[in-house]
$ cat data_26.txt   # compact mmCIF, C-alpha atoms
# COMPACT_ATOMS: atom_id res chain seq x y z
CA MET A 10 -15.10 2.06 -2.17
CA ALA A 11 -17.80 2.76 0.38
CA ALA A 12 -18.23 6.28 1.72
CA PRO A 13 -16.59 6.84 5.10
CA SER A 14 -18.89 6.18 8.06
CA ALA A 15 -19.53 8.68 10.84
CA SER A 16 -16.94 6.99 13.04
CA SER A 17 -14.38 6.86 10.25
CA PRO A 18 -10.93 8.49 10.34
CA ALA A 19 -12.16 10.96 7.70
CA ALA A 20 -14.94 12.09 10.03
CA ARG A 21 -12.49 12.44 12.93
CA ASN A 22 -10.07 14.44 10.75
CA GLY A 23 -12.87 16.65 9.50
CA ALA A 24 -14.05 17.40 13.02
CA SER A 25 -10.64 18.41 14.29
CA ASP A 26 -8.97 19.81 11.21
CA THR A 27 -10.84 21.89 8.68
CA THR A 28 -7.60 22.74 6.83
CA ALA A 29 -7.08 19.11 5.88
CA ALA A 30 -10.67 18.81 4.76
CA ARG A 31 -10.16 21.79 2.42
CA ASP A 32 -6.93 20.38 0.98
CA PRO A 33 -7.77 16.77 0.20
CA LEU A 34 -5.53 14.21 -1.43
CA ILE A 35 -7.30 12.85 -4.49
CA ILE A 36 -6.16 9.51 -5.90
CA GLY A 37 -8.37 8.25 -8.71
CA ASP A 38 -11.90 8.67 -7.39
CA LEU A 39 -10.76 8.44 -3.78
CA THR A 40 -10.75 11.65 -1.73
CA LEU A 41 -8.68 11.55 1.45
CA SER A 42 -8.41 14.27 4.06
CA SER A 43 -5.10 12.84 5.30
CA ARG A 44 -1.92 12.77 3.24
CA VAL A 45 -0.47 9.95 5.31
CA LEU A 46 -0.80 6.36 4.08
CA LEU A 47 0.25 3.89 6.75
CA GLY A 48 1.28 0.24 6.70
CA THR A 49 -0.19 -2.29 9.12
CA SER A 50 2.85 -4.48 9.73
CA GLY A 51 5.23 -4.91 12.63
CA TYR A 52 3.45 -3.15 15.51
CA PRO A 53 3.96 -4.45 19.05
CA ASN A 54 0.27 -5.41 19.17
CA PRO A 55 -3.04 -4.63 17.41
CA GLN A 56 -4.03 -1.93 19.91
CA VAL A 57 -0.80 0.01 19.35
CA MET A 58 -1.42 -0.31 15.61
CA LEU A 59 -4.93 1.14 15.96
CA ASP A 60 -3.72 3.92 18.25
CA ALA A 61 -0.87 4.78 15.87
CA MET A 62 -3.26 4.88 12.92
CA GLU A 63 -5.57 7.23 14.74
CA ALA A 64 -2.65 9.43 15.82
CA SER A 65 -1.36 9.60 12.24
CA GLY A 66 -4.75 10.66 10.89
CA THR A 67 -4.49 8.10 8.08
CA GLU A 68 -7.59 6.85 6.28
CA LEU A 69 -5.97 4.45 3.82
CA VAL A 70 -3.84 1.61 5.16
CA THR A 71 -1.87 -1.04 3.32
CA VAL A 72 -2.31 -4.78 3.72
CA ALA A 73 -0.52 -7.76 2.18
CA ILE A 74 -2.21 -10.71 0.47
CA ARG A 75 -1.10 -14.04 1.91
CA ARG A 76 -2.22 -17.66 2.11
CA VAL A 77 -4.80 -18.26 4.82
CA ASN A 78 -3.31 -19.82 7.89
CA VAL A 79 -5.52 -22.69 9.03
CA ARG A 80 -3.95 -22.85 12.46
CA ASP A 81 -4.12 -19.12 13.09
CA GLN A 82 -7.27 -17.38 11.88
CA SER A 83 -6.36 -14.14 13.68
CA GLU A 84 -5.45 -12.44 10.37
CA GLU A 85 -9.10 -12.49 9.45
CA SER A 86 -10.01 -10.68 12.62
CA MET A 87 -7.25 -8.18 11.80
CA LEU A 88 -9.09 -7.46 8.57
CA GLU A 89 -12.38 -7.13 10.46
CA LEU A 90 -10.67 -4.88 13.00
CA LEU A 91 -9.41 -2.50 10.30
CA GLN A 92 -12.77 -2.38 8.56
CA ARG A 93 -14.68 -1.94 11.81
CA HIS A 94 -12.59 1.15 12.55
CA GLY A 95 -13.48 2.59 9.15
CA TYR A 96 -10.11 2.29 7.44
CA GLN A 97 -10.03 1.86 3.69
CA LEU A 98 -7.68 -0.89 2.60
CA LEU A 99 -4.94 -0.66 0.01
CA PRO A 100 -3.73 -4.19 -0.79
CA ASN A 101 -0.13 -4.51 -1.89
CA THR A 102 1.72 -7.00 -4.08
CA ALA A 103 4.69 -7.21 -1.71
CA GLY A 104 6.90 -10.23 -2.24
CA CYS A 105 6.28 -10.42 -6.00
CA TYR A 106 9.31 -10.62 -8.28
CA THR A 107 7.57 -10.86 -11.65
CA ALA A 108 4.76 -9.03 -13.42
CA ARG A 109 2.86 -12.33 -13.65
CA GLU A 110 2.94 -12.85 -9.87
CA ALA A 111 2.02 -9.24 -9.14
CA VAL A 112 -0.93 -9.26 -11.55
CA LEU A 113 -2.30 -12.45 -9.96
CA VAL A 114 -1.94 -11.04 -6.44
CA ALA A 115 -3.68 -7.82 -7.50
CA GLN A 116 -6.54 -9.83 -9.00
CA LEU A 117 -6.82 -11.92 -5.82
CA ALA A 118 -6.84 -8.73 -3.76
CA ARG A 119 -9.64 -7.28 -5.87
CA GLU A 120 -11.68 -10.44 -5.35
CA ALA A 121 -10.95 -10.70 -1.61
CA LEU A 122 -11.37 -7.04 -0.68
CA ASP A 123 -13.69 -5.74 -3.39
CA THR A 124 -11.37 -2.90 -4.35
CA ASP A 125 -9.76 -1.82 -7.61
CA TYR A 126 -6.97 -0.07 -5.75
CA VAL A 127 -3.59 -1.75 -5.51
CA LYS A 128 -0.16 -0.75 -4.32
CA LEU A 129 1.93 -2.34 -7.04
CA GLU A 130 5.25 -3.62 -5.80
CA VAL A 131 7.48 -5.75 -8.03
CA ILE A 132 10.90 -6.12 -6.49
CA GLY A 133 14.19 -7.07 -8.05
CA ASP A 134 15.95 -8.75 -5.14
CA ASP A 135 15.41 -9.36 -1.46
CA GLU A 136 18.50 -7.51 -0.27
CA THR A 137 17.51 -4.04 -1.48
CA LEU A 138 13.81 -4.64 -2.28
CA ILE A 139 14.34 -2.13 -5.08
CA PRO A 140 11.75 -2.46 -7.88
CA ASP A 141 12.54 -4.35 -11.08
CA VAL A 142 11.70 -1.65 -13.63
CA GLU A 143 11.03 -4.00 -16.53
CA GLN A 144 8.58 -6.14 -14.56
CA LEU A 145 7.05 -3.12 -12.79
CA LEU A 146 6.18 -1.38 -16.06
CA LYS A 147 4.80 -4.57 -17.54
CA ALA A 148 2.59 -5.26 -14.51
CA ALA A 149 1.41 -1.63 -14.30
CA LYS A 150 0.32 -1.64 -17.94
CA THR A 151 -1.59 -4.92 -17.55
CA LEU A 152 -3.34 -3.76 -14.38
CA VAL A 153 -4.24 -0.29 -15.70
CA ASP A 154 -5.69 -1.93 -18.82
CA ASP A 155 -7.66 -4.29 -16.55
CA GLY A 156 -9.29 -1.33 -14.77
CA PHE A 157 -7.17 -1.21 -11.63
CA GLN A 158 -6.30 2.00 -9.83
CA VAL A 159 -2.58 1.43 -9.59
CA LEU A 160 -0.42 3.14 -6.97
CA ALA A 161 3.00 2.17 -8.25
CA TYR A 162 5.93 1.81 -5.88
CA ALA A 163 8.82 2.90 -8.09
CA ASN A 164 12.50 3.58 -8.31
CA ASP A 165 13.46 7.23 -7.83
CA ASP A 166 14.12 7.43 -11.56
CA PRO A 167 12.39 10.28 -13.39
CA ILE A 168 11.98 8.33 -16.64
CA THR A 169 10.42 5.27 -14.99
CA CYS A 170 8.09 7.49 -12.98
CA GLN A 171 7.10 9.41 -16.11
CA LYS A 172 6.30 6.17 -17.91
CA LEU A 173 4.14 4.98 -14.99
CA ALA A 174 2.26 8.29 -14.90
CA GLY A 175 1.92 8.27 -18.70
CA MET A 176 0.30 4.85 -18.78
CA GLY A 177 -2.40 5.97 -16.36
CA CYS A 178 -1.32 4.94 -12.86
CA ALA A 179 -3.52 6.58 -10.21
CA ALA A 180 -0.40 7.56 -8.25
CA VAL A 181 3.34 7.16 -8.63
CA MET A 182 5.34 6.47 -5.48
CA PRO A 183 9.12 6.74 -5.83
CA LEU A 184 11.19 5.42 -2.97
CA GLY A 185 13.06 7.73 -0.61
CA SER A 186 15.46 4.87 0.14
CA PRO A 187 15.08 1.09 0.46
CA ILE A 188 12.05 -0.30 2.31
CA GLY A 189 12.55 -0.42 6.05
CA SER A 190 16.01 1.19 5.87
CA GLY A 191 14.95 4.44 7.53
CA MET A 192 17.64 6.18 5.44
CA GLY A 193 15.32 9.04 4.55
CA LEU A 194 15.34 10.82 1.18
CA VAL A 195 18.76 9.88 -0.19
CA ASN A 196 18.30 11.52 -3.58
CA PRO A 197 16.19 14.63 -3.13
CA TYR A 198 17.51 15.93 -6.44
CA ASN A 199 15.85 13.06 -8.33
CA LEU A 200 12.68 13.38 -6.26
CA ARG A 201 12.55 17.06 -7.19
CA LEU A 202 13.07 16.30 -10.88
CA ILE A 203 10.27 13.73 -10.74
CA ARG A 204 7.93 16.30 -9.21
CA GLU A 205 8.83 18.89 -11.83
CA LEU A 206 8.28 16.42 -14.67
CA ILE A 207 5.01 14.95 -13.36
CA THR A 208 2.42 17.56 -12.60
CA ASP A 209 -0.87 15.80 -13.33
CA THR A 210 -0.51 12.56 -11.32
CA PRO A 211 -0.33 12.36 -7.52
CA LEU A 212 3.15 11.59 -6.25
CA LEU A 213 3.91 10.03 -2.88
CA VAL A 214 7.23 9.16 -1.31
CA ASP A 215 6.97 5.50 -0.38
CA ALA A 216 9.68 3.72 1.60
CA GLY A 217 12.73 4.91 3.43
CA ILE A 218 11.13 7.48 5.71
CA GLY A 219 12.88 7.22 9.08
CA THR A 220 11.48 10.10 11.07
CA ALA A 221 9.28 13.20 10.91
CA SER A 222 11.75 15.46 9.10
CA ASP A 223 11.96 13.00 6.19
CA ALA A 224 8.18 13.20 5.77
CA ALA A 225 8.28 17.00 6.01
CA MET A 226 11.01 17.13 3.36
CA ALA A 227 8.97 14.98 0.98
CA MET A 228 6.06 17.36 1.34
CA GLU A 229 8.29 20.45 0.96
CA LEU A 230 9.50 18.97 -2.33
CA GLY A 231 5.89 19.17 -3.49
CA TYR A 232 4.88 15.56 -3.00
CA ASP A 233 1.19 14.90 -2.45
CA GLY A 234 1.66 12.48 0.41
CA VAL A 235 3.81 9.85 2.07
CA LEU A 236 3.44 6.12 2.58
CA LEU A 237 5.32 4.62 5.49
CA ASN A 238 5.24 1.75 7.93
CA THR A 239 8.47 0.81 9.72
CA ALA A 240 9.28 4.36 10.89
CA VAL A 241 6.09 4.22 12.94
CA SER A 242 5.66 0.54 13.81
CA LYS A 243 9.26 0.07 14.96
CA ALA A 244 9.69 3.45 16.68
CA LYS A 245 10.31 3.27 20.41
CA HIS A 246 6.92 4.92 20.84
CA PRO A 247 4.88 4.18 17.70
CA VAL A 248 1.88 6.33 18.65
CA ALA A 249 4.03 9.39 19.36
CA MET A 250 5.91 8.89 16.08
CA ALA A 251 2.63 8.59 14.21
CA GLN A 252 1.57 11.91 15.66
CA ALA A 253 4.94 13.44 14.73
CA ILE A 254 4.53 12.23 11.13
CA ARG A 255 1.03 13.71 10.99
CA HIS A 256 2.32 17.13 12.06
CA ALA A 257 5.38 16.89 9.80
CA VAL A 258 3.27 16.12 6.75
CA LYS A 259 0.98 19.01 7.56
CA ALA A 260 3.93 21.37 8.16
CA GLY A 261 5.69 20.27 4.99
CA ARG A 262 2.54 20.70 2.93
CA LEU A 263 1.95 24.19 4.35
CA ALA A 264 5.59 25.17 3.76
CA HIS A 265 5.37 23.95 0.17
CA THR A 266 2.21 25.89 -0.57
CA ALA A 267 3.59 28.94 1.27
CA GLY A 268 6.62 28.95 -1.05
CA ARG A 269 10.10 28.90 0.43
CA ILE A 270 12.54 31.74 -0.13
CA PRO A 271 15.36 31.11 -2.59
CA ARG A 272 18.68 30.01 -1.13
CA ARG A 273 21.41 32.67 -1.43
CA LEU A 274 25.13 32.48 -0.83
CA TYR A 275 25.45 35.65 1.25
CA ALA A 276 23.51 37.18 4.09
CA ASP A 277 20.66 39.59 3.58
CA ALA A 278 20.02 41.65 6.71
CA SER A 279 16.49 41.47 8.04
CA SER A 280 16.74 44.68 10.11
CA PRO A 281 16.74 48.09 8.35
CA GLU A 282 20.09 49.42 7.09
CA THR A 283 19.05 53.02 7.79
CA GLY A 284 19.10 54.67 11.21
CA ARG A 285 21.75 52.45 12.69
CA VAL A 286 23.24 53.85 15.91
CA GLY A 287 26.61 55.55 15.39
CA THR A 288 26.24 56.13 11.61
CA MET B 11 0.41 -39.21 1.18
CA SER B 12 -1.59 -42.11 -0.24
CA VAL B 13 -4.31 -41.39 -2.76
CA SER B 14 -7.14 -43.88 -3.19
CA GLU B 15 -8.91 -44.28 -6.51
CA ALA B 16 -11.76 -42.08 -5.39
CA GLU B 17 -9.40 -39.21 -4.58
CA ILE B 18 -7.40 -36.66 -6.53
CA ALA B 19 -4.00 -35.36 -5.49
CA LEU B 20 -3.51 -31.64 -5.71
CA THR B 21 -1.63 -28.82 -4.07
CA LEU B 22 -3.47 -26.65 -1.57
CA ASN B 23 -1.59 -23.55 -0.41
CA GLY B 24 1.68 -25.28 -1.17
CA ASP B 25 0.84 -28.53 0.64
CA PRO B 26 0.10 -31.86 -1.09
CA THR B 27 -3.57 -32.63 -0.39
CA ALA B 28 -6.04 -35.37 -1.35
CA LEU B 29 -9.65 -34.43 -2.06
CA PRO B 30 -12.54 -36.64 -3.21
CA GLU B 31 -12.93 -36.97 -6.95
CA GLY B 32 -15.28 -34.31 -8.25
CA ALA B 33 -14.34 -31.89 -5.46
CA THR B 34 -15.01 -28.22 -6.14
CA VAL B 35 -13.27 -25.05 -5.02
CA ALA B 36 -15.87 -24.88 -2.23
CA ASP B 37 -14.68 -28.31 -1.01
CA ALA B 38 -11.08 -27.09 -1.03
CA LEU B 39 -12.14 -24.15 1.13
CA ARG B 40 -13.85 -26.50 3.59
CA ALA B 41 -10.66 -28.58 3.68
CA GLU B 42 -8.89 -25.41 4.89
CA GLY B 43 -11.51 -24.86 7.57
CA ILE B 44 -13.31 -22.06 5.71
CA ASP B 45 -17.07 -21.95 5.20
CA PRO B 46 -17.51 -20.99 1.53
CA GLU B 47 -20.91 -19.52 2.36
CA ASP B 48 -19.35 -17.10 4.82
CA ALA B 49 -15.87 -16.16 3.68
CA PRO B 50 -15.40 -12.40 3.70
CA GLY B 51 -11.92 -11.29 2.65
CA ILE B 52 -11.07 -14.62 1.00
CA ALA B 53 -10.00 -15.16 -2.61
CA VAL B 54 -9.08 -18.30 -4.53
CA ALA B 55 -6.86 -18.99 -7.52
CA VAL B 56 -6.59 -22.32 -9.34
CA ASN B 57 -3.52 -22.74 -11.53
CA ALA B 58 -2.77 -19.00 -11.23
CA GLU B 59 -6.25 -17.91 -12.30
CA VAL B 60 -8.74 -16.30 -9.96
CA VAL B 61 -11.97 -18.25 -9.42
CA ARG B 62 -14.74 -15.78 -8.61
CA LYS B 63 -16.88 -16.39 -5.53
CA GLU B 64 -19.92 -17.14 -7.69
CA ALA B 65 -18.09 -20.11 -9.24
CA TRP B 66 -16.77 -21.72 -6.05
CA THR B 67 -19.49 -24.39 -5.91
CA THR B 68 -19.37 -25.20 -9.63
CA ARG B 69 -15.65 -25.09 -10.46
CA SER B 70 -14.44 -28.66 -10.11
CA LEU B 71 -10.82 -29.51 -9.42
CA ASP B 72 -8.55 -31.88 -11.31
CA ALA B 73 -5.60 -33.95 -10.19
CA GLY B 74 -2.45 -31.85 -10.14
CA ASP B 75 -4.28 -28.52 -9.71
CA ASP B 76 -2.51 -25.82 -7.75
CA VAL B 77 -5.02 -24.13 -5.44
CA GLU B 78 -4.22 -20.92 -3.57
CA ILE B 79 -6.55 -19.56 -0.88
CA VAL B 80 -5.58 -16.09 0.33
CA THR B 81 -6.72 -13.25 2.54
CA ALA B 82 -5.48 -9.87 3.68
CA SER B 83 -2.75 -9.84 6.27
CA GLN B 84 -0.61 -7.16 7.90
CA GLY B 85 1.62 -5.47 5.34
CA GLY B 86 3.39 -2.27 4.39

$ encode --input "data_26.txt" --output "structure tokens"
Amino acid sequence: MAAPSASSPAARNGASDTTAARDPLIIGDLTLSSRVLLGTSGYPNPQVMLDAMEASGTELVTVAIRRVNVRDQSEESMLELLQRHGYQLLPNTAGCYTAREAVLVAQLAREALDTDYVKLEVIGDDETLIPDVEQLLKAAKTLVDDGFQVLAYANDDPITCQKLAGMGCAAVMPLGSPIGSGMGLVNPYNLRLIRELITDTPLLVDAGIGTASDAAMAMELGYDGVLLNTAVSKAKHPVAMAQAIRHAVKAGRLAHTAGRIPRRLYADASSPETGRVGT
Amino acid sequence: MSVSEAEIALTLNGDPTALPEGATVADALRAEGIDPEDAPGIAVAVNAEVVRKEAWTTRSLDAGDDVEIVTASQGG
């Protein structure tokens, strides 16, 4: 991918936030100063989308690959709009049910956008949009072998995630809860296990984030970043929510690196026991 | 759709389409209103195989081919 331009989100982040610049998110050979990956779908209009992206601090945004629409060529200007504002694009394979479909869409994305990066999504049904593990693993293996940098959207299953990391995915992205549900992190225990088992591959929570605290929790669990869309695009005020997510991710990351105190069943007085009045 | 002898019937982005015999991928792009010489962000697959940009003018199409022309769109 091309180096960020002077007007890029990375430059803006660097100017306003030296902490982020010192603590980059590295995925493959991509270095990002923001740990927020944002989707581009469902905003009230393109300007709100751009404003939300800027407020979130994101540098890498997801796009879908779809048939060109002869009657409406505005999608092409959407692509130009994103590139003109310096965003790096992460094509997804959304809507694919089989490894075969997902591999073809990834190859089309590489040709269309000149990128080896792909958010691999192979879903099992359209009610839950939960990944089909068998097809996901098959597609991931094919794409990794074909030189792709695969960011795999995965079930929150430690074994599946370990297999994806083991086969060389650039990042593994277990779901917090189903796509667009806004249910947050429904199985933090599994997410924690996944983080403890996978230490040498970036992990992001992808899907299910409903609000800022969900993003903060993902980061406190030791995740390297979050990928979200609906929580921002469908918020009452998308730009404000994008800003909230940016702060939450930063706070969660700081809290994780600071190291939380262990939970204990009983109280432990903060004030000194000695010198109490009346003793 | 009627197909004359000098035409081939194929599927273009899911729609039945007739193109002149000997048509290439570049002709299919023109049929969709896209200039193959200036098509940033566009990719093509024929029968589920990507046809690289360099081959658009030379890859000829056969009757029954399934042509997909795609680009990036909003997504999560």

$ residues_around --input "data_26.txt" --residues "Pro26 in chain B" --least-positions-apart "2" --cutoff "12 Å" --atoms "only C-alpha atoms" --output "CSV table (one decimal) with C-alpha atoms, in the frame of the given file"
chain,number,residue,atom,x,y,z
B,11,MET,CA,0.4,-39.2,1.2
B,12,SER,CA,-1.6,-42.1,-0.2
B,13,VAL,CA,-4.3,-41.4,-2.8
B,18,ILE,CA,-7.4,-36.7,-6.5
B,19,ALA,CA,-4.0,-35.4,-5.5
B,20,LEU,CA,-3.5,-31.6,-5.7
B,21,THR,CA,-1.6,-28.8,-4.1
B,22,LEU,CA,-3.5,-26.6,-1.6
B,23,ASN,CA,-1.6,-23.6,-0.4
B,24,GLY,CA,1.7,-25.3,-1.2
B,28,ALA,CA,-6.0,-35.4,-1.4
B,29,LEU,CA,-9.6,-34.4,-2.1
B,73,ALA,CA,-5.6,-34.0,-10.2
B,74,GLY,CA,-2.4,-31.8,-10.1
B,75,ASP,CA,-4.3,-28.5,-9.7
B,76,ASP,CA,-2.5,-25.8,-7.8
B,77,VAL,CA,-5.0,-24.1,-5.4

$ closest_residue --input "data_26.txt" --among "A:Ala148, A:Val45, A:Ala73, A:Ala103" --to "chain B" --atoms "only C-alpha atoms"
A:Ala73

$ closest_residue --input "data_26.txt" --among "A:Leu117, A:Leu212, A:Leu99, A:Leu230" --to "chain B" --atoms "all atoms listed in the file"
A:Leu117

$ interface_residues --input "data_26.txt" --of "chain B" --to "chain A" --cutoff "7 Å" --atoms "only C-alpha atoms" --output "JSON, numbers by chain"
{"B": [23, 42, 43, 51, 52, 53, 54, 58, 60, 62, 78, 79, 80, 81, 82, 83, 84, 85, 86]}

$ closest_residue --input "data_26.txt" --among "A:Thr266, A:Ser222, A:Ser242, A:Ser42" --to "Asn54 in chain A" --atoms "only C-alpha atoms"
A:Ser242

$ atom_distance --input "data_26.txt" --atom1 "CA of Tyr162 in chain A" --atom2 "CA of Val57 in chain A"
26.2 Å

$ atom_distance --input "data_26.txt" --atom1 "CA of Gly234 in chain A" --atom2 "CA of His94 in chain A"
21.9 Å

$ atom_distance --input "data_26.txt" --atom1 "CA of Glu143 in chain A" --atom2 "CA of Pro167 in chain A"
14.7 Å

$ residues_near_point --input "data_26.txt" --point "(17.5, 0.2, -6.4)" --cutoff "12 Å" --atoms "only C-alpha atoms" --output "list of chain:residue names"
A:Val131, A:Ile132, A:Gly133, A:Asp134, A:Asp135, A:Glu136, A:Thr137, A:Leu138, A:Ile139, A:Pro140, A:Asp141, A:Val142, A:Tyr162, A:Ala163, A:Asn164, A:Asp165, A:Asp166, A:Pro183, A:Leu184, A:Gly185, A:Ser186, A:Pro187, A:Ile188, A:Val195, A:Asn196, A:Ala216, A:Gly217

$ decode --input "data_26.txt" --residues "range 271-280 of chain A" --atoms "all heavy atoms" --output "PDB file, in the first residue's frame"
ATOM      1  N   PRO A 271      -6.140  -6.992  40.660  1.00  0.00           N
ATOM      2  CA  PRO A 271      -6.961  -8.214  40.688  1.00  0.00           C
ATOM      3  C   PRO A 271      -8.288  -7.967  41.402  1.00  0.00           C
ATOM      4  O   PRO A 271      -8.362  -7.128  42.302  1.00  0.00           O
ATOM      5  CB  PRO A 271      -6.099  -9.210  41.466  1.00  0.00           C
ATOM      6  CG  PRO A 271      -5.007  -8.436  42.095  1.00  0.00           C
ATOM      7  CD  PRO A 271      -4.916  -7.097  41.454  1.00  0.00           C
ATOM      8  N   ARG A 272      -9.313  -8.687  40.971  1.00  0.00           N
ATOM      9  CA  ARG A 272     -10.605  -8.590  41.679  1.00  0.00           C
ATOM     10  C   ARG A 272     -10.476  -9.338  42.996  1.00  0.00           C
ATOM     11  O   ARG A 272      -9.814 -10.376  43.074  1.00  0.00           O
ATOM     12  CB  ARG A 272     -11.705  -9.239  40.831  1.00  0.00           C
ATOM     13  CG  ARG A 272     -12.091  -8.408  39.622  1.00  0.00           C
ATOM     14  CD  ARG A 272     -13.224  -9.090  38.846  1.00  0.00           C
ATOM     15  NE  ARG A 272     -13.724  -8.227  37.794  1.00  0.00           N
ATOM     16  CZ  ARG A 272     -13.194  -8.120  36.580  1.00  0.00           C
ATOM     17  NH1 ARG A 272     -12.138  -8.845  36.267  1.00  0.00           N
ATOM     18  NH2 ARG A 272     -13.710  -7.305  35.676  1.00  0.00           N
ATOM     19  N   ARG A 273     -11.079  -8.828  44.079  1.00  0.00           N
ATOM     20  CA  ARG A 273     -11.077  -9.551  45.348  1.00  0.00           C
ATOM     21  C   ARG A 273     -12.469  -9.511  45.941  1.00  0.00           C
ATOM     22  O   ARG A 273     -13.241  -8.583  45.680  1.00  0.00           O
ATOM     23  CB  ARG A 273     -10.034  -8.988  46.305  1.00  0.00           C
ATOM     24  CG  ARG A 273      -9.892  -7.474  46.297  1.00  0.00           C
ATOM     25  CD  ARG A 273      -8.707  -7.003  47.079  1.00  0.00           C
ATOM     26  NE  ARG A 273      -8.841  -7.319  48.486  1.00  0.00           N
ATOM     27  CZ  ARG A 273      -7.809  -7.519  49.312  1.00  0.00           C
ATOM     28  NH1 ARG A 273      -6.583  -7.393  48.847  1.00  0.00           N
ATOM     29  NH2 ARG A 273      -8.002  -7.808  50.576  1.00  0.00           N
ATOM     30  N   LEU A 274     -12.763 -10.517  46.734  1.00  0.00           N
ATOM     31  CA  LEU A 274     -14.127 -10.682  47.238  1.00  0.00           C
ATOM     32  C   LEU A 274     -14.451  -9.649  48.311  1.00  0.00           C
ATOM     33  O   LEU A 274     -15.559  -9.144  48.392  1.00  0.00           O
ATOM     34  CB  LEU A 274     -14.280 -12.106  47.795  1.00  0.00           C
ATOM     35  CG  LEU A 274     -15.688 -12.591  48.059  1.00  0.00           C
ATOM     36  CD1 LEU A 274     -16.582 -12.456  46.824  1.00  0.00           C
ATOM     37  CD2 LEU A 274     -15.646 -14.045  48.518  1.00  0.00           C
ATOM     38  N   TYR A 275     -13.452  -9.303  49.132  1.00  0.00           N
ATOM     39  CA  TYR A 275     -13.722  -8.389  50.248  1.00  0.00           C
ATOM     40  C   TYR A 275     -13.016  -7.052  50.046  1.00  0.00           C
ATOM     41  O   TYR A 275     -12.083  -6.940  49.268  1.00  0.00           O
ATOM     42  CB  TYR A 275     -13.277  -9.035  51.572  1.00  0.00           C
ATOM     43  CG  TYR A 275     -14.098 -10.249  51.911  1.00  0.00           C
ATOM     44  CD1 TYR A 275     -13.607 -11.531  51.651  1.00  0.00           C
ATOM     45  CD2 TYR A 275     -15.391 -10.121  52.433  1.00  0.00           C
ATOM     46  CE1 TYR A 275     -14.375 -12.650  51.916  1.00  0.00           C
ATOM     47  CE2 TYR A 275     -16.160 -11.245  52.705  1.00  0.00           C
ATOM     48  CZ  TYR A 275     -15.645 -12.505  52.445  1.00  0.00           C
ATOM     49  OH  TYR A 275     -16.410 -13.612  52.712  1.00  0.00           O
ATOM     50  N   ALA A 276     -13.429  -6.108  50.845  1.00  0.00           N
ATOM     51  CA  ALA A 276     -12.871  -4.755  50.742  1.00  0.00           C
ATOM     52  C   ALA A 276     -11.420  -4.719  51.212  1.00  0.00           C
ATOM     53  O   ALA A 276     -10.972  -5.587  51.953  1.00  0.00           O
ATOM     54  CB  ALA A 276     -13.713  -3.808  51.599  1.00  0.00           C
ATOM     55  N   ASP A 277     -10.723  -3.733  50.750  1.00  0.00           N
ATOM     56  CA  ASP A 277      -9.351  -3.506  51.191  1.00  0.00           C
ATOM     57  C   ASP A 277      -9.221  -1.997  51.345  1.00  0.00           C
ATOM     58  O   ASP A 277      -9.136  -1.275  50.361  1.00  0.00           O
ATOM     59  CB  ASP A 277      -8.376  -4.047  50.133  1.00  0.00           C
ATOM     60  CG  ASP A 277      -6.932  -3.862  50.542  1.00  0.00           C
ATOM     61  OD1 ASP A 277      -6.676  -3.765  51.769  1.00  0.00           O
ATOM     62  OD2 ASP A 277      -6.064  -3.794  49.656  1.00  0.00           O
ATOM     63  N   ALA A 278      -9.232  -1.527  52.602  1.00  0.00           N
ATOM     64  CA  ALA A 278      -9.303  -0.084  52.848  1.00  0.00           C
ATOM     65  C   ALA A 278      -8.159   0.668  52.182  1.00  0.00           C
ATOM     66  O   ALA A 278      -7.007   0.246  52.243  1.00  0.00           O
ATOM     67  CB  ALA A 278      -9.281   0.173  54.361  1.00  0.00           C
ATOM     68  N   SER A 279      -8.487   1.765  51.558  1.00  0.00           N
ATOM     69  CA  SER A 279      -7.470   2.597  50.921  1.00  0.00           C
ATOM     70  C   SER A 279      -6.778   3.489  51.946  1.00  0.00           C
ATOM     71  O   SER A 279      -5.588   3.760  51.864  1.00  0.00           O
ATOM     72  CB  SER A 279      -8.112   3.493  49.856  1.00  0.00           C
ATOM     73  OG  SER A 279      -8.824   2.727  48.943  1.00  0.00           O
ATOM     74  N   SER A 280      -7.551   3.988  52.924  1.00  0.00           N
ATOM     75  CA  SER A 280      -6.988   4.909  53.926  1.00  0.00           C
ATOM     76  C   SER A 280      -6.244   4.114  54.997  1.00  0.00           C
ATOM     77  O   SER A 280      -6.554   2.944  55.240  1.00  0.00           O
ATOM     78  CB  SER A 280      -8.113   5.704  54.575  1.00  0.00           C
ATOM     79  OG  SER A 280      -8.818   6.399  53.556  1.00  0.00           O
TER      80      SER A 280
END
